[in-house]
>>> print(open('final-v5.cif').read())   # mmCIF, C-alpha atoms and all ligand atoms
data_query
#
loop_
_atom_site.label_atom_id
_atom_site.label_comp_id
_atom_site.auth_asym_id
_atom_site.auth_seq_id
_atom_site.Cartn_x
_atom_site.Cartn_y
_atom_site.Cartn_z
CA MET A 1 223.86 131.92 68.07
CA THR A 2 224.72 129.97 71.26
CA GLU A 3 224.70 131.26 74.83
CA ASN A 4 228.48 131.54 74.56
CA GLU A 5 228.22 133.70 71.52
CA GLN A 6 226.23 136.77 72.27
CA SER A 7 226.11 139.85 70.09
CA ILE A 8 225.33 142.64 72.51
CA SER A 9 224.81 145.73 70.40
CA THR A 10 225.57 147.16 67.01
CA GLY A 11 227.24 150.33 65.80
CA GLY A 12 228.89 151.77 62.76
CA THR A 13 232.57 151.10 63.46
CA THR A 14 235.02 149.53 61.05
CA LYS A 15 238.11 148.31 62.96
CA ARG A 16 237.79 145.00 64.76
CA ALA A 17 239.66 143.66 67.81
CA LEU A 18 239.60 140.45 69.84
CA VAL A 19 240.87 140.57 73.43
CA THR A 20 241.51 137.46 75.54
CA GLY A 21 241.02 137.65 79.30
CA ALA A 22 238.74 140.65 78.80
CA ALA A 23 236.55 140.08 81.86
CA SER A 24 239.03 141.67 84.27
CA GLY A 25 242.07 143.85 84.80
CA LEU A 26 244.25 144.78 81.85
CA GLY A 27 242.14 142.90 79.28
CA ARG A 28 239.02 144.72 80.36
CA ALA A 29 240.79 148.10 80.33
CA ILE A 30 242.37 147.51 76.90
CA ALA A 31 239.03 146.38 75.46
CA THR A 32 237.35 149.45 76.96
CA ARG A 33 239.93 151.78 75.40
CA TYR A 34 239.32 150.31 71.94
CA VAL A 35 235.53 150.45 72.30
CA GLN A 36 235.88 154.11 73.35
CA ALA A 37 237.88 154.69 70.17
CA GLY A 38 235.01 153.32 68.07
CA TRP A 39 236.36 149.83 67.41
CA ARG A 40 234.20 146.70 67.39
CA VAL A 41 235.56 144.44 70.12
CA LEU A 42 235.08 140.73 70.73
CA LEU A 43 235.51 140.22 74.48
CA THR A 44 236.61 136.72 75.41
CA ASP A 45 237.32 134.96 78.71
CA VAL A 46 236.56 131.82 80.73
CA ASP A 47 234.81 133.87 83.40
CA ASP A 48 231.29 133.80 81.94
CA GLU A 49 229.76 135.96 84.63
CA GLY A 50 232.50 138.60 84.43
CA LEU A 51 232.29 138.57 80.65
CA THR A 52 228.54 139.19 80.68
CA LEU A 53 228.97 142.12 83.08
CA VAL A 54 231.76 143.73 81.05
CA GLY A 55 229.84 143.09 77.83
CA LYS A 56 226.72 144.80 79.18
CA ASP A 57 228.76 147.69 80.49
CA LEU A 58 230.66 148.25 77.23
CA SER A 59 227.59 147.81 75.03
CA ARG A 60 226.51 151.23 76.37
CA VAL A 61 229.70 152.70 74.86
CA GLY A 62 229.97 150.93 71.51
CA GLU A 63 229.78 147.68 69.61
CA VAL A 64 230.92 144.58 71.48
CA ALA A 65 230.29 140.87 71.42
CA THR A 66 231.19 138.33 74.08
CA ARG A 67 232.41 134.80 73.65
CA ARG A 68 233.80 132.12 75.93
CA LEU A 69 237.38 131.41 74.86
CA ASP A 70 239.63 129.26 77.03
CA VAL A 71 243.18 130.08 75.93
CA ARG A 72 244.19 126.47 76.74
CA LYS A 73 241.95 125.21 73.92
CA ASP A 74 242.88 125.27 70.22
CA ALA A 75 239.25 124.63 69.28
CA ASP A 76 238.08 127.76 71.15
CA PHE A 77 240.55 129.90 69.21
CA GLU A 78 239.52 128.30 65.92
CA ARG A 79 235.83 128.90 66.64
CA ALA A 80 236.59 132.52 67.55
CA ARG A 81 238.44 133.02 64.25
CA THR A 82 235.50 131.52 62.33
CA TRP A 83 233.18 133.86 64.25
CA CYS A 84 235.32 136.87 63.29
CA GLU A 85 235.31 135.84 59.62
CA ASP A 86 231.58 135.08 59.51
CA SER A 87 230.37 138.03 61.61
CA TRP A 88 232.91 140.72 60.80
CA GLY A 89 234.61 139.53 57.61
CA GLY A 90 238.00 139.38 59.43
CA LEU A 91 239.95 140.93 62.28
CA ASP A 92 242.36 143.87 62.63
CA LEU A 93 243.85 143.35 66.09
CA LEU A 94 244.40 140.30 68.28
CA VAL A 95 245.30 141.05 71.91
CA ASN A 96 246.71 137.95 73.60
CA ASN A 97 246.25 139.19 77.15
CA ALA A 98 244.85 136.36 79.31
CA GLY A 99 247.35 135.01 81.80
CA VAL A 100 248.10 134.15 85.39
CA ALA A 101 250.92 134.74 87.85
CA SER A 102 253.16 132.53 89.90
CA GLY A 103 256.59 132.60 91.45
CA GLY A 104 258.84 130.63 93.74
CA ARG A 105 262.37 129.52 94.35
CA MET A 106 263.78 127.12 91.76
CA GLU A 107 263.83 124.00 93.91
CA ARG A 108 260.36 124.69 95.35
CA VAL A 109 258.30 125.11 92.17
CA SER A 110 256.78 121.77 91.21
CA MET A 111 256.74 120.50 87.65
CA ASP A 112 252.92 120.68 87.81
CA ASP A 113 253.18 124.40 88.51
CA TRP A 114 255.61 124.80 85.61
CA GLU A 115 253.20 122.97 83.27
CA TRP A 116 250.30 125.12 84.52
CA ILE A 117 251.98 128.44 83.87
CA LEU A 118 253.57 127.42 80.56
CA GLU A 119 250.11 126.41 79.37
CA LEU A 120 248.37 129.60 80.49
CA ASN A 121 251.02 132.23 79.81
CA LEU A 122 252.99 130.89 76.87
CA LYS A 123 251.19 128.16 74.93
CA SER A 124 248.05 130.34 75.11
CA VAL A 125 249.84 133.12 73.20
CA ILE A 126 251.35 130.62 70.74
CA ARG A 127 247.84 129.25 70.14
CA GLY A 128 246.38 132.71 69.53
CA CYS A 129 249.15 133.56 67.06
CA ARG A 130 249.00 130.19 65.23
CA THR A 131 245.25 130.56 64.80
CA PHE A 132 245.13 134.15 63.58
CA VAL A 133 248.35 134.47 61.55
CA PRO A 134 246.82 132.63 58.53
CA LEU A 135 243.87 135.05 58.59
CA PHE A 136 246.13 138.11 58.82
CA LYS A 137 248.31 136.74 56.00
CA SER A 138 245.29 136.14 53.78
CA GLN A 139 243.99 139.66 54.54
CA GLY A 140 247.42 141.17 53.95
CA SER A 141 246.87 143.13 57.17
CA GLY A 142 246.49 142.66 60.89
CA TYR A 143 248.12 143.35 64.24
CA ILE A 144 249.08 141.19 67.22
CA ALA A 145 249.65 142.62 70.70
CA ASN A 146 250.96 140.10 73.20
CA VAL A 147 250.79 140.98 76.88
CA ALA A 148 254.06 139.83 78.48
CA SER A 149 255.50 141.60 81.54
CA LEU A 150 258.48 143.59 82.73
CA ALA A 151 259.30 140.31 84.50
CA GLY A 152 260.38 138.94 81.13
CA VAL A 153 262.91 141.76 80.80
CA ALA A 154 264.13 142.12 84.39
CA ASN A 155 264.32 138.40 85.31
CA LEU A 156 264.04 139.10 89.03
CA PRO A 157 265.07 136.18 91.25
CA GLY A 158 262.49 134.03 93.04
CA MET A 159 260.04 133.99 90.12
CA SER A 160 261.72 131.98 87.37
CA ASN A 161 258.53 130.22 86.24
CA TYR A 162 256.69 133.50 85.59
CA ASN A 163 259.78 135.20 84.10
CA VAL A 164 260.42 132.36 81.65
CA THR A 165 256.89 132.47 80.23
CA LYS A 166 257.02 136.23 79.75
CA ALA A 167 260.55 136.26 78.29
CA ALA A 168 259.40 133.60 75.83
CA VAL A 169 256.42 135.75 74.84
CA ILE A 170 258.83 138.64 74.16
CA SER A 171 260.98 136.32 72.01
CA LEU A 172 257.95 135.01 70.13
CA SER A 173 256.73 138.56 69.54
CA GLN A 174 260.11 139.78 68.24
CA THR A 175 260.34 136.78 65.91
CA LEU A 176 256.84 137.35 64.56
CA ARG A 177 257.49 141.07 64.15
CA TYR A 178 260.26 140.23 61.66
CA GLU A 179 258.43 137.26 60.14
CA LEU A 180 255.07 138.94 59.54
CA LYS A 181 256.14 142.41 58.41
CA PRO A 182 256.18 141.44 54.70
CA TYR A 183 252.58 140.24 55.15
CA GLY A 184 251.34 143.60 56.41
CA THR A 185 251.02 142.37 59.98
CA GLY A 186 252.51 144.24 62.92
CA VAL A 187 253.44 142.92 66.35
CA SER A 188 253.87 144.61 69.73
CA VAL A 189 254.67 143.19 73.13
CA VAL A 190 253.34 144.85 76.27
CA CYS A 191 255.61 144.79 79.33
CA PRO A 192 253.90 146.25 82.40
CA ALA A 193 255.29 146.21 85.94
CA PHE A 194 252.80 145.66 88.77
CA VAL A 195 249.20 146.81 88.27
CA ASN A 196 246.43 146.41 90.84
CA THR A 197 244.17 143.85 89.13
CA ASN A 198 242.71 140.48 90.14
CA LEU A 199 245.95 138.73 89.11
CA GLY A 200 246.84 137.94 92.74
CA ALA A 201 243.66 135.91 93.15
CA SER A 202 244.59 133.43 90.41
CA MET A 203 248.15 132.91 91.66
CA ARG A 204 249.36 129.42 92.26
CA SER A 205 252.72 128.20 93.54
CA SER A 206 254.22 125.39 95.56
CA ASP A 207 256.30 128.13 97.25
CA PRO A 208 253.56 130.06 99.14
CA VAL A 209 255.96 132.72 100.45
CA ALA A 210 256.44 133.87 96.86
CA VAL A 211 252.69 134.12 96.38
CA ASP A 212 252.31 136.35 99.49
CA PHE A 213 255.17 138.50 98.25
CA ALA A 214 253.76 138.96 94.73
CA ARG A 215 250.19 139.54 95.97
CA ARG A 216 251.43 142.39 98.13
CA GLN A 217 253.23 143.95 95.16
CA ILE A 218 250.15 143.64 92.92
CA SER A 219 247.69 145.04 95.47
CA GLY A 220 250.06 147.88 96.36
CA ALA A 221 250.61 148.98 92.75
CA THR A 222 249.74 152.60 91.99
CA VAL A 223 249.63 152.45 88.18
CA THR A 224 246.06 151.62 87.09
CA ALA A 225 244.85 149.23 84.40
CA GLU A 226 243.34 152.24 82.59
CA GLN A 227 246.72 154.01 82.50
CA VAL A 228 248.31 150.86 81.10
CA ALA A 229 245.54 150.55 78.51
CA GLU A 230 246.17 154.12 77.35
CA LYS A 231 249.88 153.33 76.84
CA VAL A 232 248.95 150.16 74.98
CA PHE A 233 246.55 152.06 72.72
CA GLU A 234 249.15 154.72 71.94
CA GLY A 235 251.96 152.19 71.53
CA ILE A 236 250.01 150.09 69.05
CA ALA A 237 248.94 153.20 67.11
CA LYS A 238 252.65 154.04 66.75
CA GLU A 239 253.47 150.37 65.99
CA ARG A 240 256.04 150.39 68.79
CA PHE A 241 257.55 146.96 69.41
CA MET A 242 258.02 146.92 73.18
CA ILE A 243 255.39 148.88 75.05
CA LEU A 244 256.77 149.78 78.46
CA THR A 245 253.95 151.08 80.62
CA HIS A 246 255.81 151.96 83.83
CA ARG A 247 258.69 154.31 84.66
CA GLU A 248 260.68 151.43 86.18
CA GLY A 249 260.36 149.58 82.88
CA HIS A 250 262.19 152.34 81.04
CA ALA A 251 264.83 152.49 83.81
CA ILE A 252 265.49 148.74 83.73
CA ARG A 253 265.71 148.67 79.92
CA ALA A 254 268.11 151.61 79.89
CA LEU A 255 270.30 150.18 82.68
CA SER A 256 270.47 146.75 81.05
CA ARG A 257 271.95 148.45 77.97
CA VAL A 258 274.25 151.07 79.41
CA ALA A 259 275.15 149.76 82.88
CA PRO A 260 274.35 146.05 83.18
CA SER A 261 276.67 145.55 86.17
CA LEU A 262 274.89 148.35 88.06
CA LEU A 263 271.56 146.65 87.34
CA GLU A 264 272.94 143.32 88.54
CA ARG A 265 274.11 144.92 91.81
CA HIS A 266 270.73 146.59 92.31
CA ILE A 267 268.84 143.34 91.70
CA GLY A 268 271.28 141.47 93.96
CA LYS A 269 270.61 143.93 96.82
CA GLY A 270 266.85 143.56 96.39
CA TRP A 271 267.18 139.78 96.44
CA GLU A 272 269.25 139.88 99.65
CA LYS A 273 266.30 141.56 101.40
CA ALA A 274 263.65 139.36 99.79
CA ARG A 275 265.65 136.17 100.41
CA LEU A 276 265.81 136.93 104.14
CA ARG A 277 262.04 137.45 104.23
CA PHE A 278 261.54 134.15 102.38
CA GLU A 279 263.79 132.34 104.87
CA GLN A 280 262.11 133.95 107.89
CA ALA A 281 258.74 132.83 106.55
CA ASP A 282 260.12 129.30 106.03
CA ALA A 283 261.32 129.24 109.63
CA GLN A 284 257.92 130.48 110.89
CA ALA A 285 256.15 127.83 108.83
CA ALA A 286 258.49 125.15 110.18
CA ARG A 287 257.54 126.23 113.73
CA GLY A 288 253.87 126.02 112.73
CA GLU A 289 253.31 129.78 113.06
CA VAL A 290 250.76 131.43 110.79
CA ARG A 291 252.25 134.21 108.66
N1 LIG B 1 248.62 142.86 87.06
C1 LIG B 1 249.94 142.91 86.91
O1 LIG B 1 250.67 143.34 87.83
C2 LIG B 1 250.57 142.46 85.62
C3 LIG B 1 251.88 142.86 85.35
C4 LIG B 1 252.49 142.43 84.18
C5 LIG B 1 251.79 141.63 83.28
N2 LIG B 1 250.53 141.24 83.59
C6 LIG B 1 249.85 140.35 82.63
O2 LIG B 1 248.64 140.96 82.21
C7 LIG B 1 247.73 139.93 81.77
C8 LIG B 1 246.37 140.19 82.36
O3 LIG B 1 246.45 140.05 83.77
P1 LIG B 1 245.63 140.96 84.80
O4 LIG B 1 246.62 141.58 85.70
O5 LIG B 1 244.65 141.79 84.09
O6 LIG B 1 244.91 139.81 85.65
P2 LIG B 1 243.38 139.50 85.93
O7 LIG B 1 243.38 138.26 86.77
O8 LIG B 1 242.70 140.71 86.48
O9 LIG B 1 242.78 139.20 84.50
C9 LIG B 1 243.12 138.01 83.80
C10 LIG B 1 241.92 137.52 83.02
O10 LIG B 1 242.32 136.33 82.32
C11 LIG B 1 241.25 135.40 82.42
N3 LIG B 1 241.72 134.04 82.25
C12 LIG B 1 242.36 133.25 83.15
N4 LIG B 1 242.53 132.02 82.65
C13 LIG B 1 242.01 132.04 81.40
C14 LIG B 1 241.87 131.07 80.38
N5 LIG B 1 242.30 129.81 80.55
N6 LIG B 1 241.31 131.43 79.21
C15 LIG B 1 240.85 132.69 79.03
N7 LIG B 1 240.92 133.65 79.97
C16 LIG B 1 241.49 133.32 81.13
C17 LIG B 1 240.68 135.63 83.80
O11 LIG B 1 239.36 135.09 83.93
C18 LIG B 1 240.73 137.14 83.92
O12 LIG B 1 239.55 137.73 83.44
C19 LIG B 1 248.36 138.60 82.18
O13 LIG B 1 248.97 138.01 81.06
C20 LIG B 1 249.41 139.02 83.21
O14 LIG B 1 250.48 138.11 83.30
C21 LIG B 1 249.90 141.65 84.71
#
>>> encode(input="final-v5.cif", output="structure tokens", more="lines below")
Ligand SMILES: NC(=O)c1ccc[n+]([C@@H]2O[C@H](COP(=O)([O-])OP(=O)(O)OC[C@H]3O[C@@H](n4cnc5c(N)ncnc54)[C@H](O)[C@@H]3O)[C@@H](O)[C@H]2O)c1
Amino acid sequence: MTENEQSISTGGTTKRALVTGAASGLGRAIATRYVQAGWRVLLTDVDDEGLTLVGKDLSRVGEVATRRLDVRKDADFERARTWCEDSWGGLDLLVNNAGVASGGRMERVSMDDWEWILELNLKSVIRGCRTFVPLFKSQGSGYIANVASLAGVANLPGMSNYNVTKAAVISLSQTLRYELKPYGTGVSVVCPAFVNTNLGASMRSSDPVAVDFARRQISGATVTAEQVAEKVFEGIAKERFMILTHREGHAIRALSRVAPSLLERHIGKGWEKARLRFEQADAQAARGEVR
């Protein structure tokens, strides 16, 4: 066993889950909910220190193991799958949760920032699915929960790079839901609105006004990661496809079906206000004023 592969405690549970990005925020809360329900959980992240802390904390509740898994690396996913097969004889639930946030107006977001977010929010989920689908197929059972965002449904202006990654995760999840059903494997996609986690800290964008804007929304959110985790737990238990964790999520979904022009007007009004704030901040920056 290496230092990256630490079995923290043992227990008598049967179901087994792997959560990416489990050292913080939604990943941590989802992992906690499953440990509380008696599942064995493999907590993975690139934040070694955070992972150790969460691992120690959760080992008091149930059976967990921790493992460094960088979602940008195929080899890390493959090693995690081998670990699940060798240590647990398989896996029941893969939660592709790790991700970052960004935003920015179309002409401002650099191609480097596009590459960065596609890698972390989309290719990461593709990698997780590619690695574990063969195992689930060979078991004849399994479940994948991909954490997307309401952003992938609402497509709010000024954040195309984030929206695109999350909309693609929804598309991937829907495709796999159809594709894997005959193999006994279910798929859900989680679409939360803002939750107060550490997501703001990892934000990157060549349009800094958008970062300020999103950070304020994240830090001002009232729905907690634990509330989202409860909805995720219930939604997966019911094998619901799209797990909407916020009231506004249900409202946007309903409006997009029954009154799309009303939704468009509402989003247009919001963008008028936001756009003015973006332009005021641009003007301040041009005058060398600190925001
Ligand atoms: N917080 C929100 O408002 C919100 C809303 C909708 C969707 N989401 C999504 O929820 C997911 C979790 O975000 P969060 O809000 O808990 O943020 P967070 O920053 O609190 O947690 C993200 C975790 O992912 C880990 N991570 C980052 N890069 C990684 C990598 N390369 N490999 C493995 N792990 C890595 C981080 O170390 C961190 O522990 C993300 O996919 C995010 O897009 C968040």
>>> closest_atom_pairs(input="final-v5.cif", of="chain A", to="ligand LIG 1 (chain B)", cutoff="8 Å", atoms="all atoms listed in the file", output="JSON lines")
{"residue": "A:Thr20", "atom": "CA", "partner": "B:LIG1", "partner_atom": "N7", "distance": 5.9}
{"residue": "A:Gly21", "atom": "CA", "partner": "B:LIG1", "partner_atom": "O10", "distance": 3.5}
{"residue": "A:Ala22", "atom": "CA", "partner": "B:LIG1", "partner_atom": "O12", "distance": 5.5}
{"residue": "A:Ala23", "atom": "CA", "partner": "B:LIG1", "partner_atom": "O12", "distance": 4.1}
{"residue": "A:Ser24", "atom": "CA", "partner": "B:LIG1", "partner_atom": "O12", "distance": 4.1}
{"residue": "A:Gly25", "atom": "CA", "partner": "B:LIG1", "partner_atom": "O5", "distance": 3.4}
{"residue": "A:Leu26", "atom": "CA", "partner": "B:LIG1", "partner_atom": "O5", "distance": 3.8}
{"residue": "A:Gly27", "atom": "CA", "partner": "B:LIG1", "partner_atom": "O5", "distance": 5.5}
{"residue": "A:Arg28", "atom": "CA", "partner": "B:LIG1", "partner_atom": "O5", "distance": 7.4}
{"residue": "A:Thr44", "atom": "CA", "partner": "B:LIG1", "partner_atom": "C15", "distance": 6.9}
{"residue": "A:Asp45", "atom": "CA", "partner": "B:LIG1", "partner_atom": "N7", "distance": 4.0}
{"residue": "A:Val46", "atom": "CA", "partner": "B:LIG1", "partner_atom": "C15", "distance": 4.7}
{"residue": "A:Asp47", "atom": "CA", "partner": "B:LIG1", "partner_atom": "O11", "distance": 4.7}
{"residue": "A:Gly50", "atom": "CA", "partner": "B:LIG1", "partner_atom": "O12", "distance": 7.2}
{"residue": "A:Leu51", "atom": "CA", "partner": "B:LIG1", "partner_atom": "O12", "distance": 7.8}
{"residue": "A:Arg68", "atom": "CA", "partner": "B:LIG1", "partner_atom": "C15", "distance": 7.7}
{"residue": "A:Leu69", "atom": "CA", "partner": "B:LIG1", "partner_atom": "C15", "distance": 5.6}
{"residue": "A:Asp70", "atom": "CA", "partner": "B:LIG1", "partner_atom": "N6", "distance": 3.5}
{"residue": "A:Val71", "atom": "CA", "partner": "B:LIG1", "partner_atom": "N6", "distance": 4.0}
{"residue": "A:Arg72", "atom": "CA", "partner": "B:LIG1", "partner_atom": "N5", "distance": 5.4}
{"residue": "A:Asn96", "atom": "CA", "partner": "B:LIG1", "partner_atom": "O13", "distance": 7.8}
{"residue": "A:Asn97", "atom": "CA", "partner": "B:LIG1", "partner_atom": "O13", "distance": 4.9}
{"residue": "A:Ala98", "atom": "CA", "partner": "B:LIG1", "partner_atom": "O10", "distance": 3.9}
{"residue": "A:Gly99", "atom": "CA", "partner": "B:LIG1", "partner_atom": "O13", "distance": 3.5}
{"residue": "A:Val100", "atom": "CA", "partner": "B:LIG1", "partner_atom": "O14", "distance": 5.1}
{"residue": "A:Ala101", "atom": "CA", "partner": "B:LIG1", "partner_atom": "O14", "distance": 5.7}
{"residue": "A:Leu120", "atom": "CA", "partner": "B:LIG1", "partner_atom": "N5", "distance": 6.1}
{"residue": "A:Asn121", "atom": "CA", "partner": "B:LIG1", "partner_atom": "O13", "distance": 6.3}
{"residue": "A:Ser124", "atom": "CA", "partner": "B:LIG1", "partner_atom": "N5", "distance": 7.9}
{"residue": "A:Val147", "atom": "CA", "partner": "B:LIG1", "partner_atom": "O13", "distance": 5.4}
{"residue": "A:Ala148", "atom": "CA", "partner": "B:LIG1", "partner_atom": "C5", "distance": 5.6}
{"residue": "A:Ser149", "atom": "CA", "partner": "B:LIG1", "partner_atom": "C4", "distance": 4.1}
{"residue": "A:Leu150", "atom": "CA", "partner": "B:LIG1", "partner_atom": "C4", "distance": 6.3}
{"residue": "A:Ala151", "atom": "CA", "partner": "B:LIG1", "partner_atom": "C4", "distance": 7.1}
{"residue": "A:Lys166", "atom": "CA", "partner": "B:LIG1", "partner_atom": "O14", "distance": 7.7}
{"residue": "A:Val190", "atom": "CA", "partner": "B:LIG1", "partner_atom": "C5", "distance": 7.9}
{"residue": "A:Cys191", "atom": "CA", "partner": "B:LIG1", "partner_atom": "C4", "distance": 6.2}
{"residue": "A:Pro192", "atom": "CA", "partner": "B:LIG1", "partner_atom": "C4", "distance": 4.4}
{"residue": "A:Ala193", "atom": "CA", "partner": "B:LIG1", "partner_atom": "C3", "distance": 4.8}
{"residue": "A:Phe194", "atom": "CA", "partner": "B:LIG1", "partner_atom": "O1", "distance": 3.3}
{"residue": "A:Val195", "atom": "CA", "partner": "B:LIG1", "partner_atom": "O1", "distance": 3.8}
{"residue": "A:Asn196", "atom": "CA", "partner": "B:LIG1", "partner_atom": "N1", "distance": 5.6}
{"residue": "A:Thr197", "atom": "CA", "partner": "B:LIG1", "partner_atom": "O8", "distance": 4.4}
{"residue": "A:Asn198", "atom": "CA", "partner": "B:LIG1", "partner_atom": "O8", "distance": 3.7}
{"residue": "A:Leu199", "atom": "CA", "partner": "B:LIG1", "partner_atom": "O7", "distance": 3.5}
{"residue": "A:Gly200", "atom": "CA", "partner": "B:LIG1", "partner_atom": "O7", "distance": 6.9}
{"residue": "A:Ala201", "atom": "CA", "partner": "B:LIG1", "partner_atom": "O7", "distance": 6.8}
{"residue": "A:Ser202", "atom": "CA", "partner": "B:LIG1", "partner_atom": "O7", "distance": 6.2}
{"residue": "A:Gln217", "atom": "CA", "partner": "B:LIG1", "partner_atom": "O1", "distance": 7.8}
{"residue": "A:Ile218", "atom": "CA", "partner": "B:LIG1", "partner_atom": "O1", "distance": 5.1}
{"residue": "A:Ala221", "atom": "CA", "partner": "B:LIG1", "partner_atom": "O1", "distance": 7.5}
{"residue": "A:Ala225", "atom": "CA", "partner": "B:LIG1", "partner_atom": "O5", "distance": 7.4}
>>> write_last_selection(input="final-v5.cif", atoms="C-alpha atoms", output="PDB file, keeping the file's coordinate frame")
ATOM      1  CA  THR A  20     241.510 137.460  75.540  1.00  0.00           C
ATOM      2  CA  GLY A  21     241.020 137.650  79.300  1.00  0.00           C
ATOM      3  CA  ALA A  22     238.740 140.650  78.800  1.00  0.00           C
ATOM      4  CA  ALA A  23     236.550 140.080  81.860  1.00  0.00           C
ATOM      5  CA  SER A  24     239.030 141.670  84.270  1.00  0.00           C
ATOM      6  CA  GLY A  25     242.070 143.850  84.800  1.00  0.00           C
ATOM      7  CA  LEU A  26     244.250 144.780  81.850  1.00  0.00           C
ATOM      8  CA  GLY A  27     242.140 142.900  79.280  1.00  0.00           C
ATOM      9  CA  ARG A  28     239.020 144.720  80.360  1.00  0.00           C
ATOM     10  CA  THR A  44     236.610 136.720  75.410  1.00  0.00           C
ATOM     11  CA  ASP A  45     237.320 134.960  78.710  1.00  0.00           C
ATOM     12  CA  VAL A  46     236.560 131.820  80.730  1.00  0.00           C
ATOM     13  CA  ASP A  47     234.810 133.870  83.400  1.00  0.00           C
ATOM     14  CA  GLY A  50     232.500 138.600  84.430  1.00  0.00           C
ATOM     15  CA  LEU A  51     232.290 138.570  80.650  1.00  0.00           C
ATOM     16  CA  ARG A  68     233.800 132.120  75.930  1.00  0.00           C
ATOM     17  CA  LEU A  69     237.380 131.410  74.860  1.00  0.00           C
ATOM     18  CA  ASP A  70     239.630 129.260  77.030  1.00  0.00           C
ATOM     19  CA  VAL A  71     243.180 130.080  75.930  1.00  0.00           C
ATOM     20  CA  ARG A  72     244.190 126.470  76.740  1.00  0.00           C
ATOM     21  CA  ASN A  96     246.710 137.950  73.600  1.00  0.00           C
ATOM     22  CA  ASN A  97     246.250 139.190  77.150  1.00  0.00           C
ATOM     23  CA  ALA A  98     244.850 136.360  79.310  1.00  0.00           C
ATOM     24  CA  GLY A  99     247.350 135.010  81.800  1.00  0.00           C
ATOM     25  CA  VAL A 100     248.100 134.150  85.390  1.00  0.00           C
ATOM     26  CA  ALA A 101     250.920 134.740  87.850  1.00  0.00           C
ATOM     27  CA  LEU A 120     248.370 129.600  80.490  1.00  0.00           C
ATOM     28  CA  ASN A 121     251.020 132.230  79.810  1.00  0.00           C
ATOM     29  CA  SER A 124     248.050 130.340  75.110  1.00  0.00           C
ATOM     30  CA  VAL A 147     250.790 140.980  76.880  1.00  0.00           C
ATOM     31  CA  ALA A 148     254.060 139.830  78.480  1.00  0.00           C
ATOM     32  CA  SER A 149     255.500 141.600  81.540  1.00  0.00           C
ATOM     33  CA  LEU A 150     258.480 143.590  82.730  1.00  0.00           C
ATOM     34  CA  ALA A 151     259.300 140.310  84.500  1.00  0.00           C
ATOM     35  CA  LYS A 166     257.020 136.230  79.750  1.00  0.00           C
ATOM     36  CA  VAL A 190     253.340 144.850  76.270  1.00  0.00           C
ATOM     37  CA  CYS A 191     255.610 144.790  79.330  1.00  0.00           C
ATOM     38  CA  PRO A 192     253.900 146.250  82.400  1.00  0.00           C
ATOM     39  CA  ALA A 193     255.290 146.210  85.940  1.00  0.00           C
ATOM     40  CA  PHE A 194     252.800 145.660  88.770  1.00  0.00           C
ATOM     41  CA  VAL A 195     249.200 146.810  88.270  1.00  0.00           C
ATOM     42  CA  ASN A 196     246.430 146.410  90.840  1.00  0.00           C
ATOM     43  CA  THR A 197     244.170 143.850  89.130  1.00  0.00           C
ATOM     44  CA  ASN A 198     242.710 140.480  90.140  1.00  0.00           C
ATOM     45  CA  LEU A 199     245.950 138.730  89.110  1.00  0.00           C
ATOM     46  CA  GLY A 200     246.840 137.940  92.740  1.00  0.00           C
ATOM     47  CA  ALA A 201     243.660 135.910  93.150  1.00  0.00           C
ATOM     48  CA  SER A 202     244.590 133.430  90.410  1.00  0.00           C
ATOM     49  CA  GLN A 217     253.230 143.950  95.160  1.00  0.00           C
ATOM     50  CA  ILE A 218     250.150 143.640  92.920  1.00  0.00           C
ATOM     51  CA  ALA A 221     250.610 148.980  92.750  1.00  0.00           C
ATOM     52  CA  ALA A 225     244.850 149.230  84.400  1.00  0.00           C
TER      53      ALA A 225
END
>>> residues_around(input="final-v5.cif", residues="Ala274 (chain A)", least_positions_apart="3", cutoff="12 Å", atoms="only C-alpha atoms", output="short mmCIF file (atom, residue, chain, number, x, y, z; two decimals) with C-alpha atoms, keeping the file's coordinate frame")
data_model
loop_
_atom_site.label_atom_id
_atom_site.label_comp_id
_atom_site.auth_asym_id
_atom_site.auth_seq_id
_atom_site.Cartn_x
_atom_site.Cartn_y
_atom_site.Cartn_z
CA GLY A 104 258.84 130.63 93.74
CA ARG A 105 262.37 129.52 94.35
CA LEU A 156 264.04 139.10 89.03
CA PRO A 157 265.07 136.18 91.25
CA GLY A 158 262.49 134.03 93.04
CA MET A 159 260.04 133.99 90.12
CA VAL A 209 255.96 132.72 100.45
CA ALA A 210 256.44 133.87 96.86
CA ASP A 212 252.31 136.35 99.49
CA PHE A 213 255.17 138.50 98.25
CA ALA A 214 253.76 138.96 94.73
CA ILE A 267 268.84 143.34 91.70
CA GLY A 268 271.28 141.47 93.96
CA LYS A 269 270.61 143.93 96.82
CA GLY A 270 266.85 143.56 96.39
CA TRP A 271 267.18 139.78 96.44
CA ARG A 277 262.04 137.45 104.23
CA PHE A 278 261.54 134.15 102.38
CA GLU A 279 263.79 132.34 104.87
CA GLN A 280 262.11 133.95 107.89
CA ALA A 281 258.74 132.83 106.55
#
>>> closest_residue(input="final-v5.cif", among="A:Phe77, A:Trp83, A:Phe233, A:Phe132", to="Thr245 (chain A)", atoms="only C-alpha atoms")
A:Phe233
>>> closest_residue(input="final-v5.cif", among="A:Ile144, A:Trp116, A:Glu78, A:Ala229", to="Val35 (chain A)", atoms="only C-alpha atoms")
A:Ala229
>>> residues_around(input="final-v5.cif", residues="Phe136 (chain A)", least_positions_apart="6", cutoff="10 Å", atoms="only C-alpha atoms", output="NGL selection string")
:A and (90-94 or 129 or 142-144 or 180 or 183-186)
